[in-house]
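The next block holds one structure in the form of structure tokens; read it before the comments.
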Amino acid sequence: MKYFVTLREQTWEIGIEGSRVTLNGEEHQSELRGIDGTPLRLLVVDGRSWSFPLEGKGGGLWQALVHGEAYHVEVLDERAAHIRSLVGEVAAPVGPMVLKAPMPGLVVRVLASPGQKVVEGTSLIVLEAMKMENELKAPAAGIIQAVSIMAGQTVERGQPLVQLAPLE
């Protein structure tokens with residue numbers, strides 16, 4: 001099966017046959033598996049491993065949290081990529097974005113306040129989960145519209161934390 005994975009405006013072609021994976025034509029040994037009872041995934045590529053929470057957003061969109069930074073990834077199979085090539089690009093959604101908790105945890109610090117202008121990657125929340133502090137960052141530039149939590153509060157996975165309006 002062939003997939004097209006886009007991260008930060010760069011697209012990779014990935015072919016998967018069992019544990020053999022080709023990345024832009026180069027072969028690697030790889031495995032991605034879930035960790036039971038958690039949103040965590042374990043990715044092993046050529047003997048190197050990473051674990052991170054991964055959340056499906058629908059429509060081939062995924063969010064991964066790696067070292068406290070949210071990565072928005074689009075994964076299309078061959079068929080979906082072909083259909084998109086026929087109909088063209090779809091405009092980005094208009095309206096507020098909501099930063100949600102990628103896992104249950106304790107809010108250690110709130111670094112965002114309503115009215116604040118932020119750029120992509122600005123630290124907004126520090127969330128402690130599994131004895132690690134994770135900085136949750138702005139997925140795009142915007143203006144903070146609302147902060148739904150405060151320091152010391154526990155949150156559940158998927159709970160809205162911060163709402164951002166796009167910059168005009």
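Naming works like this for the structure tokens: A, B, ... for the chains as they're shown, residue 1 at the start of each chain, ligands 1 onward in shown order.
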
Based on DSSP run over this structure's backbone, return all residues of chain A in strand (DSSP E or B), as a PyMOL selection string. chain A and resi 2-7+10-17+20-23+26-34+40-45+48-58+61-66+69-77+97-100+105-110+117-118+123-129+132-137+142-147+154-155+160-165

So that I can see what lies close to Gly47 (chain A), please list as a list in words the residues with an atom at most 10 Å from it, counting only C-alpha atoms and leaving out residues fewer than 5 positions away in the same chain.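 Selected residues are His28, Gln29, Ser30 and Glu31 of chain A.
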
Keeping N, CA, C and O atoms, export the residues of the selection given above as an mmCIF file, in the first residue's frame.
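That gives us part-v9.cif:
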```
data_model
loop_
_atom_site.group_PDB
_atom_site.id
_atom_site.type_symbol
_atom_site.label_atom_id
_atom_site.label_comp_id
_atom_site.auth_asym_id
_atom_site.auth_seq_id
_atom_site.Cartn_x
_atom_site.Cartn_y
_atom_site.Cartn_z
ATOM 1 N N HIS A 28 13.426 0.823 4.571
ATOM 2 C CA HIS A 28 13.694 0.852 6.018
ATOM 3 C C HIS A 28 12.911 -0.275 6.678
ATOM 4 O O HIS A 28 11.870 -0.695 6.191
ATOM 5 N N GLN A 29 13.411 -0.756 7.836
ATOM 6 C CA GLN A 29 12.643 -1.663 8.688
ATOM 7 C C GLN A 29 11.873 -0.779 9.662
ATOM 8 O O GLN A 29 12.468 0.075 10.329
ATOM 9 N N SER A 30 10.575 -0.971 9.739
ATOM 10 C CA SER A 30 9.753 -0.056 10.531
ATOM 11 C C SER A 30 8.560 -0.772 11.124
ATOM 12 O O SER A 30 8.071 -1.758 10.570
ATOM 13 N N GLU A 31 8.098 -0.239 12.247
ATOM 14 C CA GLU A 31 6.893 -0.753 12.899
ATOM 15 C C GLU A 31 6.252 0.380 13.674
ATOM 16 O O GLU A 31 6.939 1.167 14.323
#
```

For Val75 (chain A), which residue out of A:Val110, A:Ile14, A:Ala151, A:Val119 is the nearest one, using only C-alpha atoms?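 Of A:Val110, A:Ile14, A:Ala151, A:Val119, the one nearest Val75 (chain A) is A:Ile14, counting only C-alpha atoms.
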
What is the distance, in Å and to one decimal place, between CA of Ala64 (chain A) and CA of Phe52 (chain A)? 6.6 Å
